[in-house]
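The block underneath contains the structure these notes are about, expressed in structure tokens.
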There are 4 protein chains.
Amino acid sequence: MSSVKLGLIGAGRIGKIHAENLVRRIPGADLRIICDSRLESAQDLANSLGVSQSTQDPRDLLKNSELDGIVICSSTETHAELIEESALARKHIFCEKPIDLDVSRVRRILDTVAKSGVKFQLGFNRRFDPTFKSVREAVKAGKIGTPQVVKITSRDPQPPSLEYSKGSGGIFMDMMIHDFDMARFLVQEEVIEVYAAGSTLIQPEISQWGDFDTAVVTLRYTSGAFCTIDCSRKAVYGYDQRLEVFGSGGCVSAPNEFPERIVIMNEKGVQQALPHHFFLERYKDAYVDELTEFVQCLNQPEKQPSVSGLDGLNSLLIALAAQKSAVEKRPVTLEEVSRKS
Amino acid sequence: MSSVKLGLIGAGRIGKIHAENLVRRIPGADLRIICDSRLESAQDLANSLGVSQSTQDPRDLLKNSELDGIVICSSTETHAELIEESALARKHIFCEKPIDLDVSRVRRILDTVAKSGVKFQLGFNRRFDPTFKSVREAVKAGKIGTPQVVKITSRDPQPPSLEYSKGSGGIFMDMMIHDFDMARFLVQEEVIEVYAAGSTLIQPEISQWGDFDTAVVTLRYTSGAFCTIDCSRKAVYGYDQRLEVFGSGGCVSAPNEFPERIVIMNEKGVQQALPHHFFLERYKDAYVDELTEFVQCLNQPEKQPSVSGLDGLNSLLIALAAQKSAVEKRPVTLEEVSRKS
Amino acid sequence: MSSVKLGLIGAGRIGKIHAENLVRRIPGADLRIICDSRLESAQDLANSLGVSQSTQDPRDLLKNSELDGIVICSSTETHAELIEESALARKHIFCEKPIDLDVSRVRRILDTVAKSGVKFQLGFNRRFDPTFKSVREAVKAGKIGTPQVVKITSRDPQPPSLEYSKGSGGIFMDMMIHDFDMARFLVQEEVIEVYAAGSTLIQPEISQWGDFDTAVVTLRYTSGAFCTIDCSRKAVYGYDQRLEVFGSGGCVSAPNEFPERIVIMNEKGVQQALPHHFFLERYKDAYVDELTEFVQCLNQPEKQPSVSGLDGLNSLLIALAAQKSAVEKRPVTLEEVSRKS
Amino acid sequence: MSSVKLGLIGAGRIGKIHAENLVRRIPGADLRIICDSRLESAQDLANSLGVSQSTQDPRDLLKNSELDGIVICSSTETHAELIEESALARKHIFCEKPIDLDVSRVRRILDTVAKSGVKFQLGFNRRFDPTFKSVREAVKAGKIGTPQVVKITSRDPQPPSLEYSKGSGGIFMDMMIHDFDMARFLVQEEVIEVYAAGSTLIQPEISQWGDFDTAVVTLRYTSGAFCTIDCSRKAVYGYDQRLEVFGSGGCVSAPNEFPERIVIMNEKGVQQALPHHFFLERYKDAYVDELTEFVQCLNQPEKQPSVSGLDGLNSLLIALAAQKSAVEKRPVTLEEVSRKS
């Protein structure tokens with residue numbers, strides 16, 4: 001396997017994880033240059049990992065003829081432009097979700113990507129979680145028959161800052177979009193209708209800009225099967241990420257993952273440690289595995305990323321329908337939001 | 001404790017269970033007479049339990065001055081009249097759910113009961129399930145803070161016959177009414193809005209009369225908290241009855257109950273036995289406990305049954321709202337169905 | 001099924017349980033008379049259960065021609081004589097363990113019983129525990145291949161009084177004899193050698209009379225398979241009764257039984273309730289099932305009790321070998337103790 | 001932190017793991033040279049990891065003034081000499097267990113190491129297993145009071161080849177030595193007496209040279225507490241590595257570790273995947289953590305390895321006592337084997 005040469009844009013929290021994985025854990029990856037709008041961040045990360053170049057100008061990556069691909073980890077509002085320019089520069093693209101919050105813009109970008117012929121992978125990391133992958137494989141292998149009800153529980157250990165929340169696009173777009181993608185991934189069926197109900201039980205302030213911190217969503221698939229998702233911005237006991245698929249032949253479920261499993265019994269009761277604290281711990285392996293796939297795709301001409309731009313578009317449409325549903329207090333079809341956009 | 005003298009109406013499946021529990025397992029209960037519209041059924045049950053009298057005429061119980069209370073286990077359409085007549089005859093009443101499927105009639109009956117001064121207990125047996133009671137106690141004791149999301153999974157091992165389904169009032173009225181009561185029981189808050197979505201994925205025939213075999217319901221409580229319930233008429237692995245209450249301070253959950261817990265590990269994997277097959281096994285203790293409470297209420301003037309007629313009315317309203325929601329494909333408020341009735 | 005007429009001797013703790021089970025829970029049993037050396041105890045128990053007769057003289061039972069069988073629940077030192085006299089009086093016998101602590105006397109008694117032709121069942125209740133029975137059935141069904149290692153954990157929630165301990169025969173005879181029987185039951189193989197090591201880590205006083213409160217025993221079966229048993233008089237978290245059988249084809253294990261299974265997750269961790277507190281809770285069903293079998297044996301001429309006097313003898317021999325081993329600090333063969341006795 | 005320069009001897013199975021961990025996963029480690037008696041093996045491993053030098057002569061490492069430490073992964077019979085020469089060459093030493101099978105030789109070597117002043121760490125990797133470390137920490141933190149009974153289950157998925165077995169030193173020396181070390185690690189008490197019983201239930205051939213494939217061992221600690229270990233060369237369901245520590249204040253237990261935790265329920269039962277297959281999967285993290293500690297010790301003058309040569313000696317003495325006990329069929333004190341050696 002020859003080595004794949006990459007540049008990475010965005011040296012923030014997730015950028016650091018991807019950079020470290022590329023350097024230390026992913027065979028065949030050769031991270032050549034790190035870019036961040038704050039040059040110092042780029043330099044610090046590059047130095048700590050032994051990456052030779054750093055810059056604050058993304059164009060230094062795009063015009064670098066050596067690079068095979070770009071890993072985009074910068075902030076959401078920069079994604080669209082960077083994807084477009086990378087595609088035009090014939091660089092393969094790995095981009096953190098979401099592509100953009102505007103559906104028509106997402107469509108244009110995906111069009112550009114398609115015409116360019118570059119490979120495009122979206123960072124829905126949970127699809128690479130070993131546990132959830134096993135669930136998907138059990139479903140695919142027919143172990144639970146025809147899927148009828150998917151259930152997803154998605155709770156963060158603490159809410160983001162109000163400042164972050166305000167610009168996040170709201171709970172459906174920012175947080176549940178992962179769950180919407182998971183809903184599609186697990187059963188490989190399209191969602192046709194969404195009902196969402198939301199409340200602000202944790203941070204009442206966010207209701208000012210129409211956001212929720214607690215939400216319950218019902219998705220209807222084309223077959224008549226359902227998915228229910230319950231979501232909270234704050235579970236005091238840690239990151240609660242469970243799911244199950246129930247079908248005509250059985251039920252497969254994924255419990256939470258725990259950093260340790262020892263059991264203590266004493267006069268007070270039977271005690272175990274809490275689940276993983278948050279996504280960095282829970283999805284540690286998934287972050288490695290998703291970029292491993294991207295690197296493999298760049299090495300194998302016929303191999304396409306398993307998470308496409310269309311997956312990003314479809315999850316976005318579900319999130320928009322959920323937002324509309326929660327505000328208008330009625331079920332909303334995907335067709336309705338798709339048509340309007 | 002003096003002994004409470006009782007008559008029982010309806011020697012069918014549930015009547016047999018109650019009769020046997022009264023005779024064998026409930027201290028202070030004295031079952032004197034069993035009534036069934038088929039005299040032979042009444043006689044057989046009385047004989048097998050050593051109950052001295054049997055009859056096919058409910059009036060033999062109502063005018064029997066010895067009896068303190070009546071246990072009504074006959075078919076749904078007879079409940080209303082029997083409750084009314086028992087109340088007028090000054091007999092305390094234990095009645096299987098539902099009181100009636102007609103809201104205004106239920107209201108009239110509860111009125112009659114209230115005026116008569118007799119005690120009235122409705123057979124929402126699941127409230128007496130030791131596991132679910134522990135969940136309720138944990139919530140009450142503040143162990144999970146303020147409730148925010150209740151989740152209930154309710155799946156039967158196999159669907160009823162088409163004939164039964166046709167006259168059952170539908171999945172919301174016949175099956176999920178237990179879950180609606182559980183939703184109210186666990187957090188002791190009223191439901192104000194219902195969204196229900198249904199499909200027929202198991203028995204397509206039942207869609208002829210507007211019924212569903214798979215349903216997902218979202219309830220909104222007054223506080224803004226939610227309950228999601230997913231319901232199926234057929235889980236091939238047995239009776240799936242799980243629930244959890246998530247709150248500002250934690251989460252309490254009740255897993256399925258199993259008839260045995262041994263674990264076998266061999267080349268094929270790690271294997272355990274299935275959960276209890278159905279409600280008779282799962283709620284065996286609950287059936288004893290609910291009638292034990294009824295007998296205690298009859299022995300203690302100040303003690304009132306913990307499941308009242310109002311609980312029956314409120315669950316009925318939620319079921320009606322769910323039915324309306326599933327048909328009209330929109331959320332329906334309780335006020336709306338309550339006003340109309 | 002005709003009714004089996006029984007008398008019960010010994011209205012203490014275990015006698016009360018058996019009496020109540022016979023009256024309330026065991027079909028076909030007709031408890032006619034209760035005997036206790038303290039007449040008041042016999043009368044109180046008889047009254048509370050509606051049993052018509054009581055006495056303080058066992059001969060009232062033995063010469064009562066109506067009675068089919070005797071249930072012996074009196075103190076250990078009375079067992080031998082009562083068994084013998086019951087056999088001579090042609091009454092079938094259910095007797096709490098042990099038969100006697102003297103091997104040659106046990107042999108004589110079993111001889112008398114054999115000659116009399118009456119049925120004899122020993123109260124090794126754990127064989128009727130539904131969980132352990134399932135383990136035995138899995139072994140019997142070949143699910144784990146040929147047994148190689150049996151492991152038994154046996155811990156009481158608190159030690160008995162010093163007074164009781166002193167007269168109990170010691171930890172091997174009083175407590176572990178149940179485990180020794182279980183070791184034989186699970187794999188249906190005879191034990192040929194015993195190594196026992198004991199310490200007094202809980203009640204140092206008991207070392208005065210050569211007893212231990214913590215013991216670890218290794219049994220060797222004829223096939224070369226082993227059983228290890230660890231035993232403690234005090235587990236602060238309750239009654240710890242687990243076992244497993246490992247074999248050439250897998251492993252079957254029985255975890256502890258819990259009165260409830262709800263799980264609470266909050267900032268402190270994941271918490272569950274403790275196992276059952278002690279044997280009355282843990283083996284509640286087993287007590288019913290063992291006497292149910294006894295009653296069935298009395299009703300069916302060809303049916304023999306599954307726990308015989310020989311089972312009592314063999315467990316006693318293992319206990320004696322264990323005691324000898326712990327004192328002499330060497331492995332002791334069953335042959336050695338058997339020959340001497 | 002400056003970088004620690006290391007040479008590694010032995011490019012076999014465990015050598016490859018350590019080499020890869022040093023290069024890829026352990027910060028501050030700089031693996032400079034790989035040695036193997038088969039030069040090609042050394043070269044291949046060096047090439048695959050980008051290590052610059054390889055050799056078949058250990059002296060190339062010992063006389064290399066750049067190197068701070070030597071990691072010894074060659075076969076058991078070479079350990080003693082390599083340790084001695086490394087110590088004389090003033091190289092810090094990490095060595096796979098065992099030091100040697102001859103007690104007096106081990107003593108001499110440890111003496112040489114002590115005089116040289118170099119740091120010495122023995123490869124008892126299980127002490128670094130995150131789960132077992134948590135158990136140790138719970139014990140240390142007093143969560144279960146004073147330890148009274150330690151239980152260790154240790155079963156391999158398949159027996160080694162007969163050829164390997166023949167030269168392995170036997171089940172106590174080759175396999176259970178890890179468990180003996182664990183017994184000492186968990187409660188930090190010395191073992192004073194050993195009783196071992198063994199059978200050949202899997203590979204009868206090995207009894208020719210006095211080996212066993214199934215063994216049960218009882219250890220007595222100075223305090224009177226016990227440890228029981230059951231060991232098998234073949235568990236068809238995978239690597240079975242469980243342990244618990246029971247004490248005056250409770251019990252802490254470590255269940256098996258599983259590669260995945262999804263649960264499938266269907267008509268056949270409740271199913272989960274098997275535990276990790278063998279030690280490479282189960283102790284993957286432990287291998288990283290033990291060498292991480294070694295590297296830290298070389299960087300911090302005052303830091304000593306947590307697993308010393310004395311730990312190796314003491315486990316060896318327990319293994320020798322076990323072997324003697326199993327052959328002579330009696331408990332053997334550590335003093336006895338220690339004195340003789």
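Ligands are numbered from 1 in the order shown, chains are lettered A, B, ... in the order of the structure tokens, and residues start at 1 in each chain.
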
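In chain D, the set of residues within 7 Å of chain C (atoms considered: only C-alpha atoms) is Ser199, Gly224, Ala235, Val236, Tyr237, Gly249, Gly250, Arg330 and Pro331 of chain D.
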
I need the strand (DSSP E) residues of region 140-296 of chain C per DSSP on the backbone, written as an mmCIF file with N, CA and C atoms, in the first residue's frame.
```cif
data_model
loop_
_atom_site.group_PDB
_atom_site.id
_atom_site.type_symbol
_atom_site.label_atom_id
_atom_site.label_comp_id
_atom_site.auth_asym_id
_atom_site.auth_seq_id
_atom_site.Cartn_x
_atom_site.Cartn_y
_atom_site.Cartn_z
ATOM 1 N N PRO C 147 -18.248 -32.654 32.411
ATOM 2 C CA PRO C 147 -17.859 -31.719 33.477
ATOM 3 C C PRO C 147 -16.408 -31.889 33.900
ATOM 4 N N GLN C 148 -15.718 -30.780 34.109
ATOM 5 C CA GLN C 148 -14.311 -30.832 34.538
ATOM 6 C C GLN C 148 -14.081 -30.072 35.845
ATOM 7 N N VAL C 149 -14.725 -28.927 35.992
ATOM 8 C CA VAL C 149 -14.568 -28.153 37.227
ATOM 9 C C VAL C 149 -15.918 -27.579 37.653
ATOM 10 N N VAL C 150 -16.323 -27.898 38.871
ATOM 11 C CA VAL C 150 -17.521 -27.293 39.461
ATOM 12 C C VAL C 150 -17.042 -26.234 40.444
ATOM 13 N N LYS C 151 -17.689 -25.074 40.445
ATOM 14 C CA LYS C 151 -17.322 -24.032 41.409
ATOM 15 C C LYS C 151 -18.559 -23.588 42.172
ATOM 16 N N ILE C 152 -18.450 -23.572 43.469
ATOM 17 C CA ILE C 152 -19.586 -23.169 44.293
ATOM 18 C C ILE C 152 -19.138 -22.082 45.265
ATOM 19 N N THR C 153 -19.879 -20.988 45.283
ATOM 20 C CA THR C 153 -19.649 -19.942 46.277
ATOM 21 C C THR C 153 -20.822 -19.954 47.241
ATOM 22 N N SER C 154 -20.534 -19.985 48.521
ATOM 23 C CA SER C 154 -21.588 -20.141 49.512
ATOM 24 C C SER C 154 -21.276 -19.249 50.708
ATOM 25 N N ARG C 155 -21.990 -18.127 50.777
ATOM 26 C CA ARG C 155 -21.707 -17.177 51.859
ATOM 27 C C ARG C 155 -23.008 -16.749 52.525
ATOM 28 N N VAL C 191 -17.633 -38.197 44.983
ATOM 29 C CA VAL C 191 -16.417 -37.539 45.440
ATOM 30 C C VAL C 191 -15.530 -38.601 46.072
ATOM 31 N N ILE C 192 -14.233 -38.582 45.762
ATOM 32 C CA ILE C 192 -13.359 -39.607 46.355
ATOM 33 C C ILE C 192 -12.316 -39.025 47.308
ATOM 34 N N GLU C 193 -12.082 -37.711 47.205
ATOM 35 C CA GLU C 193 -11.046 -37.125 48.056
ATOM 36 C C GLU C 193 -11.400 -35.675 48.362
ATOM 37 N N VAL C 194 -11.021 -35.251 49.544
ATOM 38 C CA VAL C 194 -11.384 -33.909 50.003
ATOM 39 C C VAL C 194 -10.158 -33.222 50.581
ATOM 40 N N TYR C 195 -9.941 -31.964 50.178
ATOM 41 C CA TYR C 195 -8.957 -31.141 50.883
ATOM 42 C C TYR C 195 -9.672 -29.890 51.367
ATOM 43 N N ALA C 196 -9.547 -29.614 52.652
ATOM 44 C CA ALA C 196 -10.219 -28.445 53.219
ATOM 45 C C ALA C 196 -9.229 -27.612 53.992
ATOM 46 N N ALA C 197 -9.371 -26.291 53.851
ATOM 47 C CA ALA C 197 -8.546 -25.370 54.624
ATOM 48 C C ALA C 197 -9.481 -24.355 55.251
ATOM 49 N N GLY C 198 -9.295 -24.081 56.538
ATOM 50 C CA GLY C 198 -10.205 -23.167 57.217
ATOM 51 C C GLY C 198 -9.470 -22.123 58.023
ATOM 52 N N SER C 199 -10.159 -20.985 58.234
ATOM 53 C CA SER C 199 -9.624 -19.917 59.071
ATOM 54 C C SER C 199 -10.761 -19.329 59.900
ATOM 55 N N THR C 214 -14.429 -19.347 57.762
ATOM 56 C CA THR C 214 -14.054 -19.157 56.365
ATOM 57 C C THR C 214 -13.371 -20.447 55.920
ATOM 58 N N ALA C 215 -13.842 -21.031 54.849
ATOM 59 C CA ALA C 215 -13.240 -22.300 54.453
ATOM 60 C C ALA C 215 -13.233 -22.432 52.937
ATOM 61 N N VAL C 216 -12.203 -23.126 52.472
ATOM 62 C CA VAL C 216 -12.058 -23.376 51.046
ATOM 63 C C VAL C 216 -11.840 -24.884 50.892
ATOM 64 N N VAL C 217 -12.646 -25.508 50.067
ATOM 65 C CA VAL C 217 -12.594 -26.959 49.958
ATOM 66 C C VAL C 217 -12.406 -27.372 48.495
ATOM 67 N N THR C 218 -11.545 -28.344 48.282
ATOM 68 C CA THR C 218 -11.360 -28.937 46.962
ATOM 69 C C THR C 218 -11.845 -30.380 47.005
ATOM 70 N N LEU C 219 -12.770 -30.731 46.146
ATOM 71 C CA LEU C 219 -13.248 -32.108 46.051
ATOM 72 C C LEU C 219 -12.736 -32.714 44.748
ATOM 73 N N ARG C 220 -12.326 -33.969 44.829
ATOM 74 C CA ARG C 220 -11.936 -34.664 43.610
ATOM 75 C C ARG C 220 -12.977 -35.751 43.340
ATOM 76 N N TYR C 221 -13.522 -35.743 42.125
ATOM 77 C CA TYR C 221 -14.490 -36.772 41.737
ATOM 78 C C TYR C 221 -13.753 -37.997 41.176
ATOM 79 N N PHE C 226 -12.858 -31.773 39.308
ATOM 80 C CA PHE C 226 -12.759 -31.154 40.623
ATOM 81 C C PHE C 226 -13.982 -30.295 40.938
ATOM 82 N N CYS C 227 -14.171 -30.083 42.216
ATOM 83 C CA CYS C 227 -15.117 -29.059 42.664
ATOM 84 C C CYS C 227 -14.403 -28.202 43.698
ATOM 85 N N THR C 228 -14.485 -26.873 43.541
ATOM 86 C CA THR C 228 -13.962 -25.994 44.592
ATOM 87 C C THR C 228 -15.136 -25.267 45.219
ATOM 88 N N ILE C 229 -15.101 -25.174 46.524
ATOM 89 C CA ILE C 229 -16.171 -24.482 47.243
ATOM 90 C C ILE C 229 -15.526 -23.465 48.166
ATOM 91 N N ASP C 230 -15.972 -22.226 48.075
ATOM 92 C CA ASP C 230 -15.501 -21.269 49.072
ATOM 93 C C ASP C 230 -16.695 -20.816 49.888
ATOM 94 N N CYS C 231 -16.475 -20.744 51.182
ATOM 95 C CA CYS C 231 -17.578 -20.594 52.109
ATOM 96 C C CYS C 231 -17.226 -19.551 53.160
ATOM 97 N N SER C 232 -18.177 -18.681 53.464
ATOM 98 C CA SER C 232 -17.959 -17.686 54.511
ATOM 99 C C SER C 232 -19.228 -17.544 55.332
ATOM 100 N N ASP C 240 -24.880 -15.031 49.326
ATOM 101 C CA ASP C 240 -24.135 -15.162 48.072
ATOM 102 C C ASP C 240 -24.093 -16.637 47.685
ATOM 103 N N GLN C 241 -24.879 -17.002 46.730
ATOM 104 C CA GLN C 241 -25.058 -18.402 46.344
ATOM 105 C C GLN C 241 -24.931 -18.511 44.837
ATOM 106 N N ARG C 242 -23.717 -18.707 44.391
ATOM 107 C CA ARG C 242 -23.471 -18.818 42.951
ATOM 108 C C ARG C 242 -22.782 -20.137 42.668
ATOM 109 N N LEU C 243 -22.935 -20.621 41.484
ATOM 110 C CA LEU C 243 -22.187 -21.816 41.113
ATOM 111 C C LEU C 243 -22.026 -21.884 39.605
ATOM 112 N N GLU C 244 -21.081 -22.690 39.171
ATOM 113 C CA GLU C 244 -20.895 -22.916 37.751
ATOM 114 C C GLU C 244 -20.333 -24.309 37.531
ATOM 115 N N VAL C 245 -20.631 -24.840 36.353
ATOM 116 C CA VAL C 245 -20.043 -26.114 35.952
ATOM 117 C C VAL C 245 -19.357 -25.882 34.615
ATOM 118 N N PHE C 246 -18.066 -26.157 34.611
ATOM 119 C CA PHE C 246 -17.241 -25.978 33.415
ATOM 120 C C PHE C 246 -16.922 -27.348 32.855
ATOM 121 N N GLY C 247 -17.020 -27.469 31.536
ATOM 122 C CA GLY C 247 -16.750 -28.772 30.957
ATOM 123 C C GLY C 247 -16.089 -28.690 29.598
ATOM 124 N N GLY C 250 -18.141 -26.324 27.283
ATOM 125 C CA GLY C 250 -18.611 -24.993 27.655
ATOM 126 C C GLY C 250 -18.747 -24.824 29.146
ATOM 127 N N CYS C 251 -19.497 -23.812 29.551
ATOM 128 C CA CYS C 251 -19.632 -23.488 30.968
ATOM 129 C C CYS C 251 -21.049 -22.993 31.229
ATOM 130 N N VAL C 252 -21.670 -23.504 32.270
ATOM 131 C CA VAL C 252 -22.991 -22.989 32.643
ATOM 132 C C VAL C 252 -22.871 -22.409 34.037
ATOM 133 N N SER C 253 -23.436 -21.204 34.224
ATOM 134 C CA SER C 253 -23.295 -20.579 35.527
ATOM 135 C C SER C 253 -24.612 -20.012 36.022
ATOM 136 N N ALA C 254 -24.756 -20.026 37.329
ATOM 137 C CA ALA C 254 -25.949 -19.486 37.979
ATOM 138 C C ALA C 254 -25.532 -18.285 38.807
ATOM 139 N N VAL C 263 -32.337 -0.570 37.837
ATOM 140 C CA VAL C 263 -31.000 0.011 37.781
ATOM 141 C C VAL C 263 -31.125 1.521 37.883
ATOM 142 N N ILE C 264 -30.361 2.099 38.797
ATOM 143 C CA ILE C 264 -30.355 3.556 38.921
ATOM 144 C C ILE C 264 -28.987 4.073 38.518
ATOM 145 N N MET C 265 -28.985 5.006 37.583
ATOM 146 C CA MET C 265 -27.733 5.664 37.194
ATOM 147 C C MET C 265 -27.821 7.117 37.613
ATOM 148 N N ASN C 266 -26.894 7.554 38.416
ATOM 149 C CA ASN C 266 -26.817 8.988 38.683
ATOM 150 C C ASN C 266 -25.346 9.370 38.840
ATOM 151 N N GLY C 269 -22.840 6.706 40.132
ATOM 152 C CA GLY C 269 -22.521 5.441 39.473
ATOM 153 C C GLY C 269 -23.781 4.710 39.066
ATOM 154 N N VAL C 270 -23.603 3.462 38.704
ATOM 155 C CA VAL C 270 -24.711 2.606 38.323
ATOM 156 C C VAL C 270 -25.002 1.707 39.527
ATOM 157 N N GLN C 271 -26.234 1.737 39.991
ATOM 158 C CA GLN C 271 -26.556 1.014 41.230
ATOM 159 C C GLN C 271 -27.718 0.038 41.078
ATOM 160 N N GLN C 272 -27.556 -1.108 41.731
ATOM 161 C CA GLN C 272 -28.634 -2.085 41.788
ATOM 162 C C GLN C 272 -28.806 -2.559 43.221
#
```

Can you tell me which residues surround region 77-93 of chain B at a distance of at most 9 Å, considering only C-alpha atoms, apart from same-chain residues fewer than 4 positions away, and format the answer as an mmCIF file with C-alpha atoms, in the first residue's frame?
```cif
data_model
loop_
_atom_site.group_PDB
_atom_site.id
_atom_site.type_symbol
_atom_site.label_atom_id
_atom_site.label_comp_id
_atom_site.auth_asym_id
_atom_site.auth_seq_id
_atom_site.Cartn_x
_atom_site.Cartn_y
_atom_site.Cartn_z
ATOM 1 C CA PRO B 58 -75.276 -11.433 39.143
ATOM 2 C CA ARG B 59 -78.333 -10.329 41.186
ATOM 3 C CA LEU B 61 -74.542 -11.418 44.515
ATOM 4 C CA LEU B 62 -75.972 -7.923 44.572
ATOM 5 C CA LYS B 63 -78.829 -8.798 46.869
ATOM 6 C CA LEU B 67 -71.138 -9.751 50.767
ATOM 7 C CA ASP B 68 -68.861 -6.753 51.319
ATOM 8 C CA GLY B 69 -67.600 -6.458 47.791
ATOM 9 C CA ILE B 70 -67.856 -7.583 44.188
ATOM 10 C CA VAL B 71 -64.933 -8.492 41.940
ATOM 11 C CA ILE B 72 -65.946 -7.873 38.324
ATOM 12 C CA CYS B 73 -64.058 -9.962 35.772
ATOM 13 C CA LYS B 97 -60.221 -2.345 33.070
ATOM 14 C CA PRO B 98 -61.755 -0.666 31.194
ATOM 15 C CA ILE B 99 -64.832 0.773 32.888
ATOM 16 C CA ASP B 100 -66.347 1.440 29.471
ATOM 17 C CA LEU B 101 -65.207 2.716 26.095
ATOM 18 C CA ARG B 105 -70.871 6.857 30.317
ATOM 19 C CA VAL B 106 -67.694 6.420 32.371
ATOM 20 C CA ILE B 109 -70.771 5.722 36.409
ATOM 21 C CA LEU B 110 -68.014 7.326 38.418
ATOM 22 C CA THR B 112 -72.863 7.077 40.754
ATOM 23 C CA VAL B 113 -69.985 5.354 42.517
ATOM 24 C CA ALA B 114 -68.944 8.571 44.220
ATOM 25 C CA LYS B 115 -72.461 9.263 45.473
ATOM 26 C CA SER B 116 -72.853 5.716 46.773
ATOM 27 C CA GLY B 117 -69.775 6.017 48.954
ATOM 28 C CA VAL B 118 -68.495 2.546 48.047
ATOM 29 C CA LYS B 119 -64.834 1.992 47.357
ATOM 30 C CA PHE B 120 -63.846 1.441 43.757
ATOM 31 C CA GLN B 121 -60.603 -0.072 42.466
ATOM 32 C CA LEU B 122 -59.712 -0.499 38.797
ATOM 33 C CA PHE B 294 -58.591 -4.200 47.661
ATOM 34 C CA LEU B 298 -62.440 -3.122 52.682
#
```

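Note that CA of Phe172 (chain D) and CA of Val327 (chain D) are 11.8 Å apart.
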
Fewer than 4 positions away in the same chain doesn't count, so skip those; otherwise give me all residues within 12 Å of Ala29 (chain D), counting only C-alpha atoms, as a PyMOL selection string.
-> chain D and resi 1-8+18-25+51+67-71+288+291-299

Just the alpha helix (DSSP H) stuff from region 59-187 of chain C, please, per backbone DSSP, written as a ChimeraX atom specification.
-> /C:59-62,76-88,103-116,130-140,162-167,171-174,177-187

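Separating CA of Phe185 (chain C) from CA of Met176 (chain D) is a distance of 29.1 Å.
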
Compile the contact shell of Arg127 (chain A) as a short mmCIF file (atom, residue, chain, number, x, y, z; two decimals) with N, CA, C and O atoms, in the first residue's frame: residues with an atom at most 9 Å away, counting only C-alpha atoms, same-chain residues fewer than 6 positions apart removed.
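Saved as out.cif:
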```cif
data_model
loop_
_atom_site.label_atom_id
_atom_site.label_comp_id
_atom_site.auth_asym_id
_atom_site.auth_seq_id
_atom_site.Cartn_x
_atom_site.Cartn_y
_atom_site.Cartn_z
N LYS A 133 -21.93 -0.75 14.51
CA LYS A 133 -21.68 -1.53 13.29
C LYS A 133 -22.15 -2.97 13.45
O LYS A 133 -22.70 -3.56 12.53
N ARG A 136 -25.84 -3.03 13.04
CA ARG A 136 -26.18 -2.94 11.61
C ARG A 136 -25.94 -4.28 10.92
O ARG A 136 -26.76 -4.73 10.12
N ASP A 181 -28.98 10.30 11.07
CA ASP A 181 -28.17 9.49 10.18
C ASP A 181 -28.15 8.03 10.65
O ASP A 181 -28.23 7.11 9.83
N MET A 182 -28.06 7.84 11.96
CA MET A 182 -28.06 6.48 12.53
C MET A 182 -29.37 5.76 12.17
O MET A 182 -29.37 4.57 11.83
N PHE A 185 -28.99 4.62 8.74
CA PHE A 185 -27.91 3.63 8.63
C PHE A 185 -28.37 2.25 9.08
O PHE A 185 -28.09 1.23 8.43
N LEU A 186 -29.08 2.21 10.21
CA LEU A 186 -29.38 0.91 10.83
C LEU A 186 -30.27 0.05 9.96
O LEU A 186 -30.13 -1.17 9.93
N ALA A 286 -14.08 4.81 16.70
CA ALA A 286 -14.81 5.19 15.49
C ALA A 286 -14.07 6.27 14.72
O ALA A 286 -14.05 6.28 13.48
N GLU A 290 -13.06 5.71 10.83
CA GLU A 290 -13.62 6.44 9.69
C GLU A 290 -12.50 6.98 8.79
O GLU A 290 -12.60 6.93 7.57
N VAL A 307 -19.96 6.63 3.72
CA VAL A 307 -20.83 7.74 4.11
C VAL A 307 -20.72 8.84 3.07
O VAL A 307 -19.69 9.51 2.97
#
```

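Interatomic distance, CA of Pro157 (chain C) to CA of Arg261 (chain A): 24.7 Å.
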